[in-house]
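To be precise, the following lines are my_file_23.pdb, and they hold PDB, C-alpha atoms.
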ATOM      1  CA  MET A   1    -101.530 113.191 -29.803
ATOM      2  CA  LYS A   2     -98.529 114.456 -27.908
ATOM      3  CA  ILE A   3     -95.805 116.084 -29.936
ATOM      4  CA  PRO A   4     -93.012 116.334 -29.079
ATOM      5  CA  PHE A   5     -92.640 112.776 -27.913
ATOM      6  CA  ASP A   6     -90.688 112.061 -24.737
ATOM      7  CA  LYS A   7     -88.165 110.372 -27.009
ATOM      8  CA  PHE A   8     -87.855 111.237 -30.721
ATOM      9  CA  PRO A   9     -89.604 108.503 -32.729
ATOM     10  CA  VAL A  10     -86.906 106.529 -34.535
ATOM     11  CA  ILE A  11     -88.387 104.177 -37.126
ATOM     12  CA  GLU A  12     -86.515 101.353 -38.814
ATOM     13  CA  THR A  13     -87.430  99.298 -41.837
ATOM     14  CA  GLU A  14     -85.504  96.537 -43.540
ATOM     15  CA  ARG A  15     -83.578  99.059 -45.671
ATOM     16  CA  LEU A  16     -83.991 102.418 -43.913
ATOM     17  CA  LYS A  17     -83.610 104.207 -40.630
ATOM     18  CA  LEU A  18     -85.703 107.327 -40.054
ATOM     19  CA  ASP A  19     -84.425 109.414 -37.174
ATOM     20  CA  ALA A  20     -83.756 112.941 -35.936
ATOM     21  CA  LEU A  21     -81.680 115.367 -37.962
ATOM     22  CA  LEU A  22     -78.294 116.030 -36.372
ATOM     23  CA  ILE A  23     -75.526 118.580 -36.714
ATOM     24  CA  ASP A  24     -73.543 115.679 -38.238
ATOM     25  CA  ASP A  25     -75.958 115.906 -41.191
ATOM     26  CA  LEU A  26     -74.765 119.422 -42.036
ATOM     27  CA  ILE A  27     -72.994 118.545 -45.304
ATOM     28  CA  GLU A  28     -75.790 116.337 -46.683
ATOM     29  CA  LEU A  29     -78.446 118.879 -45.650
ATOM     30  CA  TYR A  30     -76.427 121.609 -47.336
ATOM     31  CA  THR A  31     -76.232 119.465 -50.484
ATOM     32  CA  ILE A  32     -80.018 119.028 -50.433
ATOM     33  CA  ARG A  33     -81.013 122.576 -49.486
ATOM     34  CA  SER A  34     -78.554 124.389 -51.763
ATOM     35  CA  ASN A  35     -79.284 122.383 -54.914
ATOM     36  CA  ARG A  36     -81.458 124.282 -57.411
ATOM     37  CA  LEU A  37     -82.488 121.115 -59.250
ATOM     38  CA  ILE A  38     -83.661 119.343 -56.086
ATOM     39  CA  ASN A  39     -85.557 122.412 -54.880
ATOM     40  CA  GLN A  40     -86.926 123.795 -58.144
ATOM     41  CA  TYR A  41     -90.496 122.944 -57.085
ATOM     42  CA  THR A  42     -90.317 123.483 -53.317
ATOM     43  CA  GLY A  43     -90.340 127.259 -53.008
ATOM     44  CA  ILE A  44     -87.699 127.194 -50.279
ATOM     45  CA  THR A  45     -84.931 129.744 -50.028
ATOM     46  CA  LEU A  46     -81.771 127.990 -51.121
ATOM     47  CA  ALA A  47     -79.016 127.651 -48.535
ATOM     48  CA  ASN A  48     -75.912 129.684 -49.297
ATOM     49  CA  THR A  49     -73.743 128.557 -46.385
ATOM     50  CA  THR A  50     -73.599 125.832 -43.769
ATOM     51  CA  THR A  51     -74.635 128.533 -41.287
ATOM     52  CA  ASP A  52     -77.967 128.624 -43.147
ATOM     53  CA  ILE A  53     -78.257 124.898 -42.439
ATOM     54  CA  GLU A  54     -77.467 125.400 -38.759
ATOM     55  CA  HIS A  55     -80.340 127.914 -38.646
ATOM     56  CA  TYR A  56     -82.562 125.427 -40.483
ATOM     57  CA  LEU A  57     -81.728 122.680 -37.970
ATOM     58  CA  PHE A  58     -82.544 125.058 -35.105
ATOM     59  CA  LYS A  59     -85.840 126.034 -36.744
ATOM     60  CA  MET A  60     -86.804 122.374 -37.293
ATOM     61  CA  ARG A  61     -85.955 121.539 -33.686
ATOM     62  CA  GLN A  62     -88.056 124.484 -32.465
ATOM     63  CA  GLY A  63     -90.956 123.385 -34.679
ATOM     64  CA  TYR A  64     -90.763 119.866 -33.277
ATOM     65  CA  MET A  65     -90.570 121.059 -29.672
ATOM     66  CA  ALA A  66     -93.596 123.321 -30.265
ATOM     67  CA  GLY A  67     -95.557 120.366 -31.644
ATOM     68  CA  ASN A  68     -95.832 121.864 -35.131
ATOM     69  CA  LEU A  69     -93.901 119.282 -37.138
ATOM     70  CA  ILE A  70     -91.911 116.083 -37.109
ATOM     71  CA  ILE A  71     -89.011 115.800 -39.532
ATOM     72  CA  TRP A  72     -86.974 112.651 -39.944
ATOM     73  CA  GLY A  73     -83.652 112.134 -41.613
ATOM     74  CA  ILE A  74     -83.736 109.234 -44.052
ATOM     75  CA  ARG A  75     -80.695 106.966 -43.868
ATOM     76  CA  LEU A  76     -79.858 103.594 -45.332
ATOM     77  CA  ALA A  77     -79.878 100.955 -42.611
ATOM     78  CA  THR A  78     -76.328 100.030 -43.634
ATOM     79  CA  HIS A  79     -74.776 103.473 -43.013
ATOM     80  CA  SER A  80     -75.448 106.674 -41.096
ATOM     81  CA  LYS A  81     -75.216 109.251 -43.901
ATOM     82  CA  LEU A  82     -78.353 111.247 -44.629
ATOM     83  CA  ILE A  83     -79.936 110.535 -48.032
ATOM     84  CA  GLY A  84     -83.092 112.630 -47.627
ATOM     85  CA  THR A  85     -85.764 113.931 -45.285
ATOM     86  CA  ILE A  86     -89.451 113.289 -44.726
ATOM     87  CA  CYS A  87     -91.774 115.265 -42.530
ATOM     88  CA  LEU A  88     -95.272 115.684 -41.183
ATOM     89  CA  TRP A  89     -96.377 119.291 -40.815
ATOM     90  CA  ASN A  90     -99.322 121.632 -41.310
ATOM     91  CA  PHE A  91    -101.310 119.623 -38.772
ATOM     92  CA  SER A  92    -105.050 120.221 -38.857
ATOM     93  CA  GLU A  93    -106.572 121.969 -35.848
ATOM     94  CA  ASP A  94    -108.174 118.714 -34.708
ATOM     95  CA  LYS A  95    -104.799 116.948 -35.111
ATOM     96  CA  LEU A  96    -106.336 114.248 -37.309
ATOM     97  CA  ASN A  97    -104.409 114.972 -40.474
ATOM     98  CA  ALA A  98    -101.211 116.577 -41.680
ATOM     99  CA  GLU A  99     -99.220 117.319 -44.776
ATOM    100  CA  ILE A 100     -96.381 115.041 -45.765
ATOM    101  CA  GLY A 101     -93.251 116.496 -47.347
ATOM    102  CA  PHE A 102     -90.160 114.734 -48.647
ATOM    103  CA  VAL A 103     -86.891 115.171 -50.499
ATOM    104  CA  LEU A 104     -84.220 112.690 -51.575
ATOM    105  CA  LEU A 105     -80.691 113.122 -52.891
ATOM    106  CA  PRO A 106     -80.770 112.321 -56.637
ATOM    107  CA  ALA A 107     -78.122 109.598 -56.310
ATOM    108  CA  PHE A 108     -80.619 107.556 -54.280
ATOM    109  CA  SER A 109     -83.671 108.047 -56.542
ATOM    110  CA  GLY A 110     -85.221 105.138 -58.371
ATOM    111  CA  ASN A 111     -84.556 102.573 -55.655
ATOM    112  CA  GLY A 112     -87.911 102.729 -53.872
ATOM    113  CA  TYR A 113     -86.454 104.420 -50.801
ATOM    114  CA  MET A 114     -88.951 107.286 -50.756
ATOM    115  CA  THR A 115     -91.882 104.938 -51.303
ATOM    116  CA  GLU A 116     -90.689 102.876 -48.347
ATOM    117  CA  ALA A 117     -90.150 105.967 -46.182
ATOM    118  CA  ALA A 118     -93.555 107.451 -47.063
ATOM    119  CA  GLN A 119     -95.403 104.182 -46.395
ATOM    120  CA  THR A 120     -93.609 103.925 -43.063
ATOM    121  CA  ILE A 121     -94.580 107.478 -42.091
ATOM    122  CA  GLU A 122     -98.191 106.852 -43.126
ATOM    123  CA  THR A 123     -98.302 103.806 -40.849
ATOM    124  CA  PHE A 124     -96.745 105.847 -38.025
ATOM    125  CA  ALA A 125     -99.274 108.654 -38.578
ATOM    126  CA  LYS A 126    -102.204 106.240 -38.458
ATOM    127  CA  ASN A 127    -101.053 104.004 -35.607
ATOM    128  CA  ARG A 128     -99.121 106.362 -33.329
ATOM    129  CA  LEU A 129    -100.809 109.697 -34.056
ATOM    130  CA  SER A 130    -104.324 108.441 -34.867
ATOM    131  CA  PHE A 131    -104.391 110.424 -38.110
ATOM    132  CA  ASN A 132    -107.153 109.572 -40.548
ATOM    133  CA  GLN A 133    -105.891 111.540 -43.553
ATOM    134  CA  MET A 134    -102.657 112.715 -45.135
ATOM    135  CA  ASN A 135    -102.232 115.594 -47.585
ATOM    136  CA  ALA A 136     -99.486 116.628 -49.952
ATOM    137  CA  ILE A 137     -99.081 119.773 -52.007
ATOM    138  CA  CYS A 138     -97.027 119.312 -55.129
ATOM    139  CA  HIS A 139     -95.995 121.525 -58.035
ATOM    140  CA  GLU A 140     -97.740 120.452 -61.228
ATOM    141  CA  ASP A 141     -94.378 119.946 -63.003
ATOM    142  CA  ASN A 142     -92.843 117.795 -60.246
ATOM    143  CA  THR A 143     -93.370 114.526 -62.089
ATOM    144  CA  PRO A 144     -91.364 112.314 -59.671
ATOM    145  CA  ALA A 145     -93.387 113.514 -56.653
ATOM    146  CA  ILE A 146     -96.694 113.200 -58.505
ATOM    147  CA  THR A 147     -95.772 109.671 -59.614
ATOM    148  CA  LEU A 148     -94.846 108.746 -56.046
ATOM    149  CA  LEU A 149     -98.049 110.183 -54.567
ATOM    150  CA  LYS A 150    -100.204 108.402 -57.142
ATOM    151  CA  SER A 151     -98.384 105.108 -56.498
ATOM    152  CA  LEU A 152     -99.172 105.569 -52.793
ATOM    153  CA  LYS A 153    -102.878 105.967 -53.718
ATOM    154  CA  TYR A 154    -103.141 109.710 -53.040
ATOM    155  CA  THR A 155    -105.910 111.339 -55.039
ATOM    156  CA  ILE A 156    -106.131 114.824 -56.470
ATOM    157  CA  GLU A 157    -108.547 116.990 -54.516
ATOM    158  CA  SER A 158    -110.994 119.275 -56.250
ATOM    159  CA  CYS A 159    -110.176 122.234 -54.022
ATOM    160  CA  THR A 160    -107.340 124.468 -55.101
ATOM    161  CA  THR A 161    -104.263 125.700 -53.307
ATOM    162  CA  LYS A 162    -103.069 129.288 -53.029
ATOM    163  CA  ASP A 163    -100.588 128.691 -55.841
ATOM    164  CA  PRO A 164    -102.264 127.912 -59.187
ATOM    165  CA  ASN A 165     -99.223 125.796 -60.181
ATOM    166  CA  THR A 166     -99.656 123.330 -57.322
ATOM    167  CA  ILE A 167    -101.876 120.303 -56.840
ATOM    168  CA  LEU A 168    -103.445 119.200 -53.561
ATOM    169  CA  PHE A 169    -103.347 115.439 -53.000
ATOM    170  CA  SER A 170    -104.987 113.557 -50.141
ATOM    171  CA  LYS A 171    -105.273 110.026 -48.863
ATOM    172  CA  PHE A 172    -107.466 108.499 -46.180
ATOM    173  CA  LEU A 173    -105.500 106.202 -43.911
TER
END

How does this structure look as structure tokens?
Amino acid sequence: MKIPFDKFPVIETERLKLDALLIDDLIELYTIRSNRLINQYTGITLANTTTDIEHYLFKMRQGYMAGNLIIWGIRLATHSKLIGTICLWNFSEDKLNAEIGFVLLPAFSGNGYMTEAAQTIETFAKNRLSFNQMNAICHEDNTPAITLLKSLKYTIESCTTKDPNTILFSKFL
């Protein structure tokens, strides 16, 4: 597996376009990363300014260039505005599995967009990266994420995470 790719992997489905995060996404990223409700289970430091988002974009770009993560912006195929993000990170040492992470603006929830994005990233991980397993760590009270992971056939692992309030899910691809 070679990350970063020579060209960032843009993935299109019938309804979505998954592509690189851009400085043009500043406002939507600020909306996502500053919202307490959206981030109540993520453990991230909330953004206070758009400068925080500029730093975040730089950090994500550095992580991608170092081969430590891939983060896509989720957009509707019909317009270019960011509606969420999805990423692969915490790659295993053998580069055969990774953790998936995702967030969606509440206005776009309930339409199957995250299911579609996650299935697309799973296919990418299996076919382009030769991954054989995906993992997800989720707060035990994050019902929407748990419901999504279960619908995607992730199973709860018996091993625990560092945080007693989180659940480790996994799925063989």

Expected selection from the PyMOL selection byres ((chain A and resi 8-16) around 8), given as number ranges by chain = A: 4-7, 17-20, 74-78, 113, 117, 120

What is the distance, in Å and to one decimal place, between CA of Asp25 in chain A and CA of Lys81 in chain A?
-> 7.2 Å

Just so the selection is clear, what residues does the PyMOL selection byres ((chain A and resi 153) around 12) cover here, as number ranges by chain?
-> A: 115, 118-119, 122, 133-136, 146-152, 154-156, 169-173

Output check: residues returned by the PyMOL selection byres ((chain A and resi 45-53) around 12), as a VMD selection string | chain A and resid 21 to 44 54 to 60

Find the distance between CA of Ile70 in chain A and CA of Leu88 in chain A and write it in Å to one decimal.
->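 Computing it gives 5.3 Å between the two atoms.
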
Take CA of Glu140 in chain A and CA of Ile167 in chain A and report the distance between them in Å, one decimal.
->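 Computed distance, CA of Glu140 in chain A to CA of Ile167 in chain A, equals 6.0 Å.
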
Would you mind telling me which residue in A:Ile121, A:Ala145, A:Leu129, A:Cys138 lies nearest to Asn97 in chain A when using all atoms listed in the file?
->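 Answer, going by the shortest atom-to-atom distance: A:Leu129.
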
Taking all atoms listed in the file into account, which of A:Asn111, A:Ser92, A:Thr166, A:Asn127 comes nearest Asn68 in chain A?
->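 Under the stated criterion, the closest residue is A:Ser92.
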
Exercise: Phe108 in chain A partners within 10 Å, all atoms listed in the file, chain neighbours under 4 positions left out, as an mmCIF file with C-alpha atoms, in the frame of the given file:
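Result file out_29.cif:
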data_model
loop_
_atom_site.group_PDB
_atom_site.id
_atom_site.type_symbol
_atom_site.label_atom_id
_atom_site.label_comp_id
_atom_site.auth_asym_id
_atom_site.auth_seq_id
_atom_site.Cartn_x
_atom_site.Cartn_y
_atom_site.Cartn_z
ATOM 1 C CA LEU A 76 -79.858 103.594 -45.332
ATOM 2 C CA ILE A 83 -79.936 110.535 -48.032
ATOM 3 C CA GLY A 84 -83.092 112.630 -47.627
ATOM 4 C CA LEU A 104 -84.220 112.690 -51.575
ATOM 5 C CA GLY A 112 -87.911 102.729 -53.872
ATOM 6 C CA TYR A 113 -86.454 104.420 -50.801
ATOM 7 C CA MET A 114 -88.951 107.286 -50.756
#

Write out as JSON an axis-aligned box for range 91-99 of chain A: all of its atoms listed in the file, 6 Å added on each side, centre and edge lengths in Å with one decimal.
{"center_x": -103.7, "center_y": 118.1, "center_z": -39.7, "size_x": 21.0, "size_y": 19.7, "size_z": 22.1}

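Taking all atoms listed in the file into account, Leu96 in chain A lies nearest to A:Ala125 out of the set A:Leu168, A:Ala125, A:Ile71, A:Leu82.
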
Which residue gives the smallest distance to Lys95 in chain A among A:Ile3, A:Gly110, A:His139, A:Gly63, with only C-alpha atoms counted?
->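 Using only C-alpha atoms, the shortest distance to Lys95 in chain A belongs to A:Ile3.
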